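The file run-v8.pdb contains PDB, C-alpha atoms, pLDDT in the B column:
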ATOM      1  CA  GLY Q 168       0.111  11.639  18.401  1.00 36.00           C
ATOM      2  CA  GLU Q 169      -1.847   8.827  19.974  1.00 39.00           C
ATOM      3  CA  SER Q 170      -0.438   7.968  23.362  1.00 39.00           C
ATOM      4  CA  VAL Q 171      -2.122   4.576  23.668  1.00 40.00           C
ATOM      5  CA  GLY Q 172       0.550   1.953  23.739  1.00 45.00           C
ATOM      6  CA  LEU Q 173       3.019   3.709  26.036  1.00 52.00           C
ATOM      7  CA  HIS Q 174       4.997   1.243  28.162  1.00 66.00           C
ATOM      8  CA  LEU Q 175       3.724  -1.784  26.283  1.00 81.00           C
ATOM      9  CA  PRO Q 176       5.997  -4.764  25.652  1.00 90.00           C
ATOM     10  CA  THR Q 177       7.614  -4.378  22.258  1.00 93.00           C
ATOM     11  CA  LEU Q 178       8.515  -6.995  19.703  1.00 95.00           C
ATOM     12  CA  SER Q 179      10.991  -5.907  17.046  1.00 96.00           C
ATOM     13  CA  VAL Q 180      11.317  -8.081  13.957  1.00 97.00           C
ATOM     14  CA  GLN Q 181      13.153  -7.772  10.699  1.00 97.00           C
ATOM     15  CA  GLU Q 182      11.047  -7.222   7.597  1.00 97.00           C
ATOM     16  CA  GLY Q 183      10.343 -10.566   5.987  1.00 97.00           C
ATOM     17  CA  ASP Q 184      10.741 -12.564   9.198  1.00 97.00           C
ATOM     18  CA  ASN Q 185       7.863 -14.229  11.020  1.00 97.00           C
ATOM     19  CA  SER Q 186       6.383 -12.609  14.142  1.00 97.00           C
ATOM     20  CA  ILE Q 187       4.840 -14.348  17.119  1.00 97.00           C
ATOM     21  CA  ILE Q 188       2.774 -12.322  19.572  1.00 97.00           C
ATOM     22  CA  ASN Q 189       1.543 -13.945  22.746  1.00 95.00           C
ATOM     23  CA  CYS Q 190      -1.419 -13.429  25.025  1.00 94.00           C
ATOM     24  CA  ALA Q 191      -2.315 -15.059  28.329  1.00 93.00           C
ATOM     25  CA  TYR Q 192      -6.045 -14.982  28.906  1.00 90.00           C
ATOM     26  CA  SER Q 193      -7.742 -14.949  32.242  1.00 84.00           C
ATOM     27  CA  ASN Q 194     -10.936 -16.979  32.171  1.00 85.00           C
ATOM     28  CA  SER Q 195     -10.764 -20.733  31.688  1.00 86.00           C
ATOM     29  CA  ALA Q 196     -14.446 -20.680  30.677  1.00 85.00           C
ATOM     30  CA  SER Q 197     -13.849 -18.316  27.729  1.00 87.00           C
ATOM     31  CA  ASP Q 198     -14.812 -19.971  24.474  1.00 85.00           C
ATOM     32  CA  TYR Q 199     -14.185 -17.317  21.861  1.00 89.00           C
ATOM     33  CA  PHE Q 200     -11.127 -15.194  21.180  1.00 92.00           C
ATOM     34  CA  ILE Q 201     -10.242 -12.356  18.846  1.00 93.00           C
ATOM     35  CA  TRP Q 202      -6.967 -10.751  17.800  1.00 96.00           C
ATOM     36  CA  TYR Q 203      -6.998  -7.039  16.981  1.00 96.00           C
ATOM     37  CA  LYS Q 204      -4.487  -4.722  15.340  1.00 96.00           C
ATOM     38  CA  GLN Q 205      -4.476  -1.074  16.366  1.00 95.00           C
ATOM     39  CA  GLU Q 206      -2.502   1.585  14.551  1.00 94.00           C
ATOM     40  CA  SER Q 207      -1.718   4.863  16.222  1.00 90.00           C
ATOM     41  CA  GLY Q 208      -4.780   7.102  16.544  1.00 89.00           C
ATOM     42  CA  LYS Q 209      -7.145   4.566  15.013  1.00 92.00           C
ATOM     43  CA  GLY Q 210      -9.722   2.090  16.202  1.00 94.00           C
ATOM     44  CA  PRO Q 211      -8.812  -1.608  16.586  1.00 94.00           C
ATOM     45  CA  GLN Q 212      -9.070  -3.675  13.440  1.00 94.00           C
ATOM     46  CA  PHE Q 213     -10.374  -7.252  13.599  1.00 92.00           C
ATOM     47  CA  ILE Q 214      -7.691  -9.681  12.369  1.00 95.00           C
ATOM     48  CA  ILE Q 215      -8.790 -13.204  13.162  1.00 95.00           C
ATOM     49  CA  ASP Q 216     -10.881 -15.122  15.664  1.00 93.00           C
ATOM     50  CA  ILE Q 217     -10.943 -18.639  17.072  1.00 93.00           C
ATOM     51  CA  ARG Q 218     -13.394 -20.680  19.103  1.00 90.00           C
ATOM     52  CA  SER Q 219     -12.382 -22.959  21.932  1.00 89.00           C
ATOM     53  CA  ASN Q 220     -13.234 -26.127  20.001  1.00 91.00           C
ATOM     54  CA  MET Q 221     -10.262 -25.383  17.746  1.00 94.00           C
ATOM     55  CA  ASP Q 222      -6.566 -25.120  18.515  1.00 96.00           C
ATOM     56  CA  LYS Q 223      -5.461 -23.469  15.290  1.00 97.00           C
ATOM     57  CA  ARG Q 224      -6.952 -21.223  12.664  1.00 97.00           C
ATOM     58  CA  GLN Q 225      -5.307 -19.698   9.626  1.00 97.00           C
ATOM     59  CA  GLY Q 226      -6.019 -16.532   7.733  1.00 94.00           C
ATOM     60  CA  GLN Q 227      -4.134 -14.621   5.126  1.00 93.00           C
ATOM     61  CA  ARG Q 228      -0.533 -14.463   6.462  1.00 96.00           C
ATOM     62  CA  VAL Q 229      -1.806 -14.913  10.019  1.00 98.00           C
ATOM     63  CA  THR Q 230      -2.316 -17.956  12.225  1.00 98.00           C
ATOM     64  CA  VAL Q 231      -3.849 -18.060  15.672  1.00 97.00           C
ATOM     65  CA  LEU Q 232      -2.966 -20.855  18.078  1.00 97.00           C
ATOM     66  CA  LEU Q 233      -4.982 -21.637  21.186  1.00 96.00           C
ATOM     67  CA  ASN Q 234      -3.676 -23.661  24.119  1.00 95.00           C
ATOM     68  CA  LYS Q 235      -6.518 -24.068  26.583  1.00 93.00           C
ATOM     69  CA  THR Q 236      -4.425 -26.079  29.014  1.00 93.00           C
ATOM     70  CA  VAL Q 237      -2.258 -23.102  29.865  1.00 94.00           C
ATOM     71  CA  LYS Q 238      -4.757 -20.390  28.793  1.00 93.00           C
ATOM     72  CA  HIS Q 239      -2.470 -19.084  26.094  1.00 94.00           C
ATOM     73  CA  LEU Q 240      -3.181 -17.549  22.722  1.00 95.00           C
ATOM     74  CA  SER Q 241      -0.655 -16.629  20.066  1.00 97.00           C
ATOM     75  CA  LEU Q 242      -0.759 -14.731  16.795  1.00 97.00           C
ATOM     76  CA  GLN Q 243       1.748 -15.633  14.119  1.00 98.00           C
ATOM     77  CA  ILE Q 244       2.341 -13.237  11.247  1.00 98.00           C
ATOM     78  CA  ALA Q 245       4.230 -14.637   8.289  1.00 97.00           C
ATOM     79  CA  ALA Q 246       6.666 -12.551   6.252  1.00 97.00           C
ATOM     80  CA  THR Q 247       6.175  -9.460   8.401  1.00 97.00           C
ATOM     81  CA  GLN Q 248       5.829  -6.229   6.468  1.00 97.00           C
ATOM     82  CA  PRO Q 249       6.281  -2.560   7.493  1.00 96.00           C
ATOM     83  CA  GLY Q 250       2.503  -2.129   7.377  1.00 96.00           C
ATOM     84  CA  ASP Q 251       2.203  -4.699  10.165  1.00 97.00           C
ATOM     85  CA  SER Q 252       3.734  -2.256  12.648  1.00 97.00           C
ATOM     86  CA  ALA Q 253       1.031  -1.601  15.249  1.00 96.00           C
ATOM     87  CA  VAL Q 254      -0.205  -2.615  18.683  1.00 95.00           C
ATOM     88  CA  TYR Q 255      -1.766  -6.075  18.770  1.00 96.00           C
ATOM     89  CA  PHE Q 256      -4.077  -7.258  21.517  1.00 94.00           C
ATOM     90  CA  CYS Q 257      -6.290 -10.215  22.223  1.00 94.00           C
ATOM     91  CA  ALA Q 258      -9.839 -10.310  23.505  1.00 92.00           C
ATOM     92  CA  GLU Q 259     -11.702 -13.149  25.196  1.00 90.00           C
ATOM     93  CA  ASN Q 260     -15.442 -13.617  25.410  1.00 86.00           C
ATOM     94  CA  PRO Q 261     -16.443 -15.496  28.567  1.00 77.00           C
ATOM     95  CA  THR Q 262     -19.388 -17.890  28.544  1.00 64.00           C
ATOM     96  CA  SER Q 263     -20.911 -16.468  31.672  1.00 54.00           C
ATOM     97  CA  GLY Q 264     -23.995 -15.298  29.813  1.00 53.00           C
ATOM     98  CA  THR Q 265     -22.816 -11.735  29.522  1.00 60.00           C
ATOM     99  CA  TYR Q 266     -21.861  -9.919  26.371  1.00 68.00           C
ATOM    100  CA  LYS Q 267     -18.639  -8.607  27.745  1.00 76.00           C
ATOM    101  CA  TYR Q 268     -15.176  -8.990  26.323  1.00 85.00           C
ATOM    102  CA  ILE Q 269     -11.954  -8.959  28.310  1.00 87.00           C
ATOM    103  CA  PHE Q 270      -9.111  -7.211  26.507  1.00 89.00           C
ATOM    104  CA  GLY Q 271      -5.387  -7.611  26.932  1.00 89.00           C
ATOM    105  CA  THR Q 272      -3.148  -4.555  27.168  1.00 88.00           C
ATOM    106  CA  GLY Q 273      -1.336  -5.367  23.947  1.00 92.00           C
ATOM    107  CA  THR Q 274       2.089  -5.792  22.391  1.00 94.00           C
ATOM    108  CA  ARG Q 275       3.718  -3.247  20.120  1.00 94.00           C
ATOM    109  CA  LEU Q 276       5.157  -4.770  16.949  1.00 97.00           C
ATOM    110  CA  LYS Q 277       7.977  -2.850  15.274  1.00 96.00           C
ATOM    111  CA  VAL Q 278       9.086  -3.967  11.852  1.00 96.00           C
ATOM    112  CA  LEU Q 279      12.671  -3.109  11.045  1.00 94.00           C
ATOM    113  CA  ALA Q 280      13.591  -2.412   7.427  1.00 88.00           C
TER
ATOM    114  CA  ASP X 202     -19.992   1.440   2.266  1.00 54.00           C
ATOM    115  CA  GLY X 203     -20.780  -0.344   5.528  1.00 64.00           C
ATOM    116  CA  GLY X 204     -19.104   0.367   8.823  1.00 93.00           C
ATOM    117  CA  ILE X 205     -19.063   2.135  12.141  1.00 96.00           C
ATOM    118  CA  THR X 206     -18.579   5.872  12.275  1.00 96.00           C
ATOM    119  CA  GLN X 207     -17.731   8.006  15.257  1.00 97.00           C
ATOM    120  CA  SER X 208     -17.756  11.762  15.476  1.00 95.00           C
ATOM    121  CA  PRO X 209     -16.052  13.973  16.147  1.00 95.00           C
ATOM    122  CA  LYS X 210     -12.519  12.575  15.840  1.00 94.00           C
ATOM    123  CA  TYR X 211     -11.208  15.109  18.384  1.00 95.00           C
ATOM    124  CA  LEU X 212     -13.273  16.801  21.069  1.00 94.00           C
ATOM    125  CA  PHE X 213     -12.270  19.370  23.647  1.00 93.00           C
ATOM    126  CA  ARG X 214     -14.337  20.043  26.707  1.00 90.00           C
ATOM    127  CA  LYS X 215     -14.137  22.499  29.522  1.00 90.00           C
ATOM    128  CA  GLU X 216     -14.496  21.212  33.039  1.00 88.00           C
ATOM    129  CA  GLY X 217     -18.135  21.088  34.127  1.00 88.00           C
ATOM    130  CA  GLN X 218     -19.520  20.592  30.630  1.00 91.00           C
ATOM    131  CA  ASN X 219     -21.374  17.591  29.310  1.00 94.00           C
ATOM    132  CA  VAL X 220     -20.433  16.348  25.856  1.00 95.00           C
ATOM    133  CA  THR X 221     -21.993  13.749  23.581  1.00 96.00           C
ATOM    134  CA  LEU X 222     -20.017  11.399  21.362  1.00 97.00           C
ATOM    135  CA  SER X 223     -21.740  10.020  18.314  1.00 97.00           C
ATOM    136  CA  CYS X 224     -21.635   6.402  17.131  1.00 98.00           C
ATOM    137  CA  GLU X 225     -23.497   5.175  14.065  1.00 98.00           C
ATOM    138  CA  GLN X 226     -23.412   1.798  12.325  1.00 97.00           C
ATOM    139  CA  ASN X 227     -25.026   0.675   9.083  1.00 96.00           C
ATOM    140  CA  LEU X 228     -24.125  -2.987   9.535  1.00 93.00           C
ATOM    141  CA  ASN X 229     -27.535  -3.940  10.931  1.00 93.00           C
ATOM    142  CA  HIS X 230     -25.814  -5.153  14.081  1.00 91.00           C
ATOM    143  CA  ASP X 231     -27.895  -5.837  17.164  1.00 90.00           C
ATOM    144  CA  ALA X 232     -25.323  -5.129  19.871  1.00 90.00           C
ATOM    145  CA  MET X 233     -23.348  -1.948  20.403  1.00 94.00           C
ATOM    146  CA  TYR X 234     -20.680  -1.056  22.943  1.00 95.00           C
ATOM    147  CA  TRP X 235     -18.730   1.890  24.316  1.00 97.00           C
ATOM    148  CA  TYR X 236     -15.185   1.475  25.588  1.00 97.00           C
ATOM    149  CA  ARG X 237     -12.611   3.753  27.063  1.00 96.00           C
ATOM    150  CA  GLN X 238      -8.914   3.312  26.251  1.00 94.00           C
ATOM    151  CA  ASP X 239      -6.151   4.758  28.390  1.00 91.00           C
ATOM    152  CA  PRO X 240      -2.389   4.431  27.850  1.00 82.00           C
ATOM    153  CA  GLY X 241      -1.028   1.051  28.882  1.00 77.00           C
ATOM    154  CA  GLN X 242      -4.440  -0.395  29.738  1.00 81.00           C
ATOM    155  CA  GLY X 243      -6.814  -2.778  28.066  1.00 84.00           C
ATOM    156  CA  LEU X 244     -10.139  -1.500  26.823  1.00 91.00           C
ATOM    157  CA  ARG X 245     -12.664  -0.936  29.593  1.00 94.00           C
ATOM    158  CA  LEU X 246     -16.382  -1.313  28.992  1.00 93.00           C
ATOM    159  CA  ILE X 247     -18.552   1.708  29.782  1.00 96.00           C
ATOM    160  CA  TYR X 248     -21.979   0.648  28.498  1.00 96.00           C
ATOM    161  CA  TYR X 249     -23.394  -1.899  26.109  1.00 93.00           C
ATOM    162  CA  SER X 250     -26.709  -2.434  24.385  1.00 94.00           C
ATOM    163  CA  GLN X 251     -28.011  -5.704  23.019  1.00 89.00           C
ATOM    164  CA  ILE X 252     -31.182  -4.325  21.477  1.00 90.00           C
ATOM    165  CA  VAL X 253     -33.007  -1.088  20.837  1.00 94.00           C
ATOM    166  CA  ASN X 254     -34.306   0.665  23.964  1.00 95.00           C
ATOM    167  CA  ASP X 255     -32.178  -1.495  26.239  1.00 94.00           C
ATOM    168  CA  PHE X 256     -28.675  -0.953  27.606  1.00 95.00           C
ATOM    169  CA  GLN X 257     -26.560  -2.209  30.483  1.00 93.00           C
ATOM    170  CA  LYS X 258     -23.802  -0.679  32.581  1.00 94.00           C
ATOM    171  CA  GLY X 259     -20.306  -1.902  32.012  1.00 92.00           C
ATOM    172  CA  ASP X 260     -17.392  -1.820  34.415  1.00 91.00           C
ATOM    173  CA  ILE X 261     -16.903   1.973  34.496  1.00 95.00           C
ATOM    174  CA  ALA X 262     -20.342   3.488  33.861  1.00 96.00           C
ATOM    175  CA  GLU X 263     -20.168   6.195  36.517  1.00 96.00           C
ATOM    176  CA  GLY X 264     -20.232   9.658  34.967  1.00 96.00           C
ATOM    177  CA  TYR X 265     -21.501   8.398  31.605  1.00 97.00           C
ATOM    178  CA  SER X 266     -24.930   7.952  30.057  1.00 98.00           C
ATOM    179  CA  VAL X 267     -26.213   6.394  26.830  1.00 98.00           C
ATOM    180  CA  SER X 268     -29.375   5.926  24.814  1.00 98.00           C
ATOM    181  CA  ARG X 269     -30.389   3.403  22.154  1.00 98.00           C
ATOM    182  CA  GLU X 270     -33.465   4.799  20.460  1.00 97.00           C
ATOM    183  CA  LYS X 271     -32.473   3.465  17.058  1.00 97.00           C
ATOM    184  CA  LYS X 272     -30.701   0.255  16.086  1.00 97.00           C
ATOM    185  CA  GLU X 273     -27.999   2.115  14.200  1.00 97.00           C
ATOM    186  CA  SER X 274     -27.194   4.751  16.821  1.00 98.00           C
ATOM    187  CA  PHE X 275     -25.672   4.554  20.302  1.00 98.00           C
ATOM    188  CA  PRO X 276     -24.558   8.007  21.527  1.00 98.00           C
ATOM    189  CA  LEU X 277     -22.472   8.379  24.682  1.00 98.00           C
ATOM    190  CA  THR X 278     -22.714  11.410  26.949  1.00 97.00           C
ATOM    191  CA  VAL X 279     -19.751  12.196  29.160  1.00 96.00           C
ATOM    192  CA  THR X 280     -21.138  14.168  32.068  1.00 94.00           C
ATOM    193  CA  SER X 281     -19.442  16.567  34.443  1.00 90.00           C
ATOM    194  CA  ALA X 282     -19.631  13.818  37.062  1.00 89.00           C
ATOM    195  CA  GLN X 283     -16.894  11.868  35.253  1.00 90.00           C
ATOM    196  CA  LYS X 284     -13.755  12.741  37.216  1.00 88.00           C
ATOM    197  CA  ASN X 285     -11.139  11.921  34.615  1.00 91.00           C
ATOM    198  CA  PRO X 286     -12.756  12.028  31.188  1.00 93.00           C
ATOM    199  CA  THR X 287      -9.667  12.615  29.053  1.00 94.00           C
ATOM    200  CA  ALA X 288      -9.264   9.407  27.045  1.00 95.00           C
ATOM    201  CA  PHE X 289      -9.740   7.723  23.698  1.00 96.00           C
ATOM    202  CA  TYR X 290     -13.333   6.493  23.317  1.00 97.00           C
ATOM    203  CA  LEU X 291     -14.180   3.560  21.089  1.00 97.00           C
ATOM    204  CA  CYS X 292     -17.560   2.398  19.899  1.00 97.00           C
ATOM    205  CA  ALA X 293     -18.061  -1.163  18.706  1.00 95.00           C
ATOM    206  CA  SER X 294     -20.835  -3.384  17.396  1.00 93.00           C
ATOM    207  CA  SER X 295     -21.583  -7.085  17.104  1.00 88.00           C
ATOM    208  CA  PRO X 296     -23.894  -8.726  14.570  1.00 83.00           C
ATOM    209  CA  ARG X 297     -25.923 -10.808  16.995  1.00 72.00           C
ATOM    210  CA  ARG X 298     -26.830 -10.969  20.595  1.00 58.00           C
ATOM    211  CA  GLY X 299     -25.081 -13.664  22.514  1.00 56.00           C
ATOM    212  CA  VAL X 300     -21.563 -14.662  23.301  1.00 54.00           C
ATOM    213  CA  GLY X 301     -18.988 -15.660  20.772  1.00 60.00           C
ATOM    214  CA  ASN X 302     -19.593 -13.013  18.165  1.00 74.00           C
ATOM    215  CA  GLU X 303     -17.227 -10.806  16.244  1.00 82.00           C
ATOM    216  CA  GLN X 304     -16.903  -7.286  17.570  1.00 86.00           C
ATOM    217  CA  PHE X 305     -15.967  -4.477  15.192  1.00 91.00           C
ATOM    218  CA  PHE X 306     -14.733  -1.036  16.197  1.00 95.00           C
ATOM    219  CA  GLY X 307     -15.163   2.489  14.969  1.00 96.00           C
ATOM    220  CA  PRO X 308     -12.248   4.910  14.459  1.00 96.00           C
ATOM    221  CA  GLY X 309     -12.519   6.448  17.928  1.00 96.00           C
ATOM    222  CA  THR X 310     -12.980   9.886  19.465  1.00 97.00           C
ATOM    223  CA  ARG X 311     -10.215  11.507  21.491  1.00 96.00           C
ATOM    224  CA  LEU X 312     -11.708  13.609  24.260  1.00 95.00           C
ATOM    225  CA  THR X 313      -9.553  16.145  26.054  1.00 94.00           C
ATOM    226  CA  VAL X 314     -10.703  18.147  29.050  1.00 91.00           C
ATOM    227  CA  LEU X 315      -9.137  21.573  29.206  1.00 86.00           C
TER
END

Structure translated into structure tokens:
Amino acid sequence: GESVGLHLPTLSVQEGDNSIINCAYSNSASDYFIWYKQESGKGPQFIIDIRSNMDKRQGQRVTVLLNKTVKHLSLQIAATQPGDSAVYFCAENPTSGTYKYIFGTGTRLKVLA
Amino acid sequence: DGGITQSPKYLFRKEGQNVTLSCEQNLNHDAMYWYRQDPGQGLRLIYYSQIVNDFQKGDIAEGYSVSREKKESFPLTVTSAQKNPTAFYLCASSPRRGVGNEQFFGPGTRLTVL
């Protein structure tokens, strides 16, 4: 199987509970952030994004919170389901004039039945 | 059915061979990217292209080459000069040039050197 995700921090939650996944980003000048979900052996799937002029954005069952003061991003998943089990990682897009993204290493979410 | 396709899903290469990974998108996106993913690491940028006939080196371009002759296609060649090519390769695209744009990924190609 896909070996990406070995030795990643793991968050285990009970089905139906809420999950909170955290990400510390590196560049204080970054003004755009994305959360991705990656299932084993597959490409990352775009979940939700947020720009630096916001501190919260909600999607379907997901909420992203941005704290620019401490360079912290979090992803909240409501009523976690078995299908949410995956590796989640954040990406930041610096405003340095490049088109590069900086990706976190990710957190593995395990949903317990 | 719009999206990003990568082929093949699995690729095996003998040492000393060059191989080319395909990436096609029908989203009419301007920018395309190639990343490498290794266990326990964040995605690392190999090459990116903002527009047809133009591309830029990323952080780990050595041993790789690309072309962007068509808007929808951005193939990656892994040459024999790449010392440790076994990895999961991801292609991505963004709708517009410029920072602060969504980036969408293909399903990936797993390359194994025998």

Worksheet item: In terms of the shortest atom-to-atom distance over all atoms listed in the file, which of X:Met233, X:Val220, X:Ile252, X:Leu246 is closest to Gln283 (chain X)?
Response: X:Val220

Worksheet item: Got a sec: who's within 10 Å of Lys284 (chain X), counting only C-alpha atoms, leaving out chain neighbours fewer than 3 positions off, as JSON, numbers by chain?
Response: {"X": [216, 217, 263, 264, 280, 281, 287]}

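Comparing the minimum interatomic distances between chain X and each of Q:Gly183, Q:Pro249, Q:Gly210, Q:Pro176, counting only C-alpha atoms, we find that Q:Gly210 sits nearest.
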
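Evaluated on this file, the ChimeraX specification (/Q :<8) & /X matches Gln238, Asp239, Pro240, Gly241, Gln242, Gly243, Leu244, Arg245, Leu246, Leu291, Arg298, Gly299, Val300, Gly301, Asn302, Glu303, Gln304, Phe305, Phe306, Gly307, Pro308 and Gly309 of chain X.
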
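You will find CA of Gly259 (chain X) at 4.6 Å from CA of Ile247 (chain X).
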
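The space separating CA of Tyr248 (chain X) from CA of Asp231 (chain X) comes to 14.3 Å.
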
Worksheet item: CA of Asn227 (chain X) to CA of Gly250 (chain Q): how many Å, to one decimal?
Response: 27.7 Å

Any chance you could resolve the PyMOL selection byres ((chain Q and resi 239-247) around 6) against this file and give the residues as a compact mmCIF listing (two decimals) with C-alpha atoms, keeping the file's coordinate frame?
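Saved the output as selection.txt:
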# COMPACT_ATOMS: atom_id res chain seq x y z
CA GLU Q 182 11.05 -7.22 7.60
CA GLY Q 183 10.34 -10.57 5.99
CA ASP Q 184 10.74 -12.56 9.20
CA ASN Q 185 7.86 -14.23 11.02
CA SER Q 186 6.38 -12.61 14.14
CA ILE Q 187 4.84 -14.35 17.12
CA ILE Q 188 2.77 -12.32 19.57
CA ASN Q 189 1.54 -13.94 22.75
CA CYS Q 190 -1.42 -13.43 25.02
CA ALA Q 191 -2.32 -15.06 28.33
CA ARG Q 228 -0.53 -14.46 6.46
CA VAL Q 229 -1.81 -14.91 10.02
CA THR Q 230 -2.32 -17.96 12.22
CA VAL Q 231 -3.85 -18.06 15.67
CA LEU Q 232 -2.97 -20.86 18.08
CA LEU Q 233 -4.98 -21.64 21.19
CA ASN Q 234 -3.68 -23.66 24.12
CA VAL Q 237 -2.26 -23.10 29.86
CA LYS Q 238 -4.76 -20.39 28.79
CA GLN Q 248 5.83 -6.23 6.47

Discussion item. With distances taken over all atoms listed in the file, which residue among X:Thr206, X:Gln218, X:Gln251, X:Ser266 lies nearest Val314 (chain X)?
Written reply: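 Ranked by minimum distance to Val314 (chain X), first place goes to X:Gln218.
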
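Take the PyMOL selection byres ((chain Q and resi 178) around 6) and apply it to this file: it picks Thr177, Ser179 and Leu276 of chain Q.
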
Item to complete: Name the closest residue to Ser193 (chain Q) among the candidates Q:Val180, Q:Ser207, Q:Gln227, Q:Lys235; distances are taken between atoms, counting all atoms listed in the file.
Response: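 Of all the options, Q:Lys235 lies closest to Ser193 (chain Q).
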
Could you please fill out region 200-206 of chain Q with all heavy atoms and send it back as a PDB file, keeping the file's coordinate frame?
ATOM      1  N   PHE Q 200     -12.253 -16.108  21.053  1.00 92.00           N
ATOM      2  CA  PHE Q 200     -11.127 -15.194  21.180  1.00 92.00           C
ATOM      3  C   PHE Q 200     -10.925 -14.447  19.865  1.00 92.00           C
ATOM      4  O   PHE Q 200     -11.153 -14.990  18.792  1.00 92.00           O
ATOM      5  CB  PHE Q 200      -9.843 -15.965  21.515  1.00 92.00           C
ATOM      6  CG  PHE Q 200      -9.968 -16.850  22.716  1.00 92.00           C
ATOM      7  CD1 PHE Q 200     -10.469 -18.142  22.592  1.00 92.00           C
ATOM      8  CD2 PHE Q 200      -9.604 -16.392  23.970  1.00 92.00           C
ATOM      9  CE1 PHE Q 200     -10.612 -18.960  23.703  1.00 92.00           C
ATOM     10  CE2 PHE Q 200      -9.732 -17.196  25.087  1.00 92.00           C
ATOM     11  CZ  PHE Q 200     -10.240 -18.488  24.949  1.00 92.00           C
ATOM     12  N   ILE Q 201     -10.486 -13.193  20.016  1.00 93.00           N
ATOM     13  CA  ILE Q 201     -10.242 -12.356  18.846  1.00 93.00           C
ATOM     14  C   ILE Q 201      -8.864 -11.705  18.983  1.00 93.00           C
ATOM     15  O   ILE Q 201      -8.465 -11.313  20.083  1.00 93.00           O
ATOM     16  CB  ILE Q 201     -11.297 -11.234  18.723  1.00 93.00           C
ATOM     17  CG1 ILE Q 201     -12.721 -11.792  18.689  1.00 93.00           C
ATOM     18  CG2 ILE Q 201     -11.048 -10.377  17.482  1.00 93.00           C
ATOM     19  CD1 ILE Q 201     -13.797 -10.698  18.700  1.00 93.00           C
ATOM     20  N   TRP Q 202      -8.178 -11.574  17.859  1.00 96.00           N
ATOM     21  CA  TRP Q 202      -6.967 -10.751  17.800  1.00 96.00           C
ATOM     22  C   TRP Q 202      -7.290  -9.470  17.037  1.00 96.00           C
ATOM     23  O   TRP Q 202      -7.922  -9.499  15.981  1.00 96.00           O
ATOM     24  CB  TRP Q 202      -5.832 -11.477  17.083  1.00 96.00           C
ATOM     25  CG  TRP Q 202      -5.027 -12.377  17.958  1.00 96.00           C
ATOM     26  CD1 TRP Q 202      -5.089 -13.737  18.031  1.00 96.00           C
ATOM     27  CD2 TRP Q 202      -4.026 -11.986  18.889  1.00 96.00           C
ATOM     28  NE1 TRP Q 202      -4.201 -14.205  18.953  1.00 96.00           N
ATOM     29  CE2 TRP Q 202      -3.519 -13.144  19.500  1.00 96.00           C
ATOM     30  CE3 TRP Q 202      -3.482 -10.752  19.277  1.00 96.00           C
ATOM     31  CZ2 TRP Q 202      -2.517 -13.128  20.472  1.00 96.00           C
ATOM     32  CZ3 TRP Q 202      -2.493 -10.726  20.244  1.00 96.00           C
ATOM     33  CH2 TRP Q 202      -2.016 -11.902  20.829  1.00 96.00           C
ATOM     34  N   TYR Q 203      -6.814  -8.342  17.608  1.00 96.00           N
ATOM     35  CA  TYR Q 203      -6.998  -7.039  16.981  1.00 96.00           C
ATOM     36  C   TYR Q 203      -5.643  -6.398  16.699  1.00 96.00           C
ATOM     37  O   TYR Q 203      -4.667  -6.614  17.425  1.00 96.00           O
ATOM     38  CB  TYR Q 203      -7.784  -6.090  17.891  1.00 96.00           C
ATOM     39  CG  TYR Q 203      -9.243  -6.414  18.031  1.00 96.00           C
ATOM     40  CD1 TYR Q 203      -9.709  -7.142  19.113  1.00 96.00           C
ATOM     41  CD2 TYR Q 203     -10.164  -5.990  17.078  1.00 96.00           C
ATOM     42  CE1 TYR Q 203     -11.058  -7.430  19.259  1.00 96.00           C
ATOM     43  CE2 TYR Q 203     -11.507  -6.279  17.206  1.00 96.00           C
ATOM     44  CZ  TYR Q 203     -11.948  -6.994  18.302  1.00 96.00           C
ATOM     45  OH  TYR Q 203     -13.285  -7.283  18.431  1.00 96.00           O
ATOM     46  N   LYS Q 204      -5.630  -5.563  15.668  1.00 96.00           N
ATOM     47  CA  LYS Q 204      -4.487  -4.722  15.340  1.00 96.00           C
ATOM     48  C   LYS Q 204      -4.923  -3.275  15.500  1.00 96.00           C
ATOM     49  O   LYS Q 204      -5.991  -2.896  14.998  1.00 96.00           O
ATOM     50  CB  LYS Q 204      -4.057  -4.976  13.888  1.00 96.00           C
ATOM     51  CG  LYS Q 204      -3.007  -4.018  13.338  1.00 96.00           C
ATOM     52  CD  LYS Q 204      -2.786  -4.274  11.850  1.00 96.00           C
ATOM     53  CE  LYS Q 204      -1.759  -3.320  11.267  1.00 96.00           C
ATOM     54  NZ  LYS Q 204      -1.576  -3.526   9.795  1.00 96.00           N
ATOM     55  N   GLN Q 205      -4.122  -2.477  16.194  1.00 95.00           N
ATOM     56  CA  GLN Q 205      -4.476  -1.074  16.366  1.00 95.00           C
ATOM     57  C   GLN Q 205      -3.297  -0.183  15.989  1.00 95.00           C
ATOM     58  O   GLN Q 205      -2.246  -0.235  16.615  1.00 95.00           O
ATOM     59  CB  GLN Q 205      -4.921  -0.779  17.798  1.00 95.00           C
ATOM     60  CG  GLN Q 205      -5.460   0.644  17.967  1.00 95.00           C
ATOM     61  CD  GLN Q 205      -6.035   0.898  19.344  1.00 95.00           C
ATOM     62  OE1 GLN Q 205      -5.668   0.242  20.308  1.00 95.00           O
ATOM     63  NE2 GLN Q 205      -6.935   1.867  19.443  1.00 95.00           N
ATOM     64  N   GLU Q 206      -3.500   0.609  14.962  1.00 94.00           N
ATOM     65  CA  GLU Q 206      -2.502   1.585  14.551  1.00 94.00           C
ATOM     66  C   GLU Q 206      -2.727   2.873  15.323  1.00 94.00           C
ATOM     67  O   GLU Q 206      -3.823   3.141  15.820  1.00 94.00           O
ATOM     68  CB  GLU Q 206      -2.592   1.814  13.048  1.00 94.00           C
ATOM     69  CG  GLU Q 206      -2.279   0.564  12.243  1.00 94.00           C
ATOM     70  CD  GLU Q 206      -2.481   0.767  10.754  1.00 94.00           C
ATOM     71  OE1 GLU Q 206      -1.681   1.489  10.139  1.00 94.00           O
ATOM     72  OE2 GLU Q 206      -3.444   0.211  10.226  1.00 94.00           O
TER      73      GLU Q 206
END
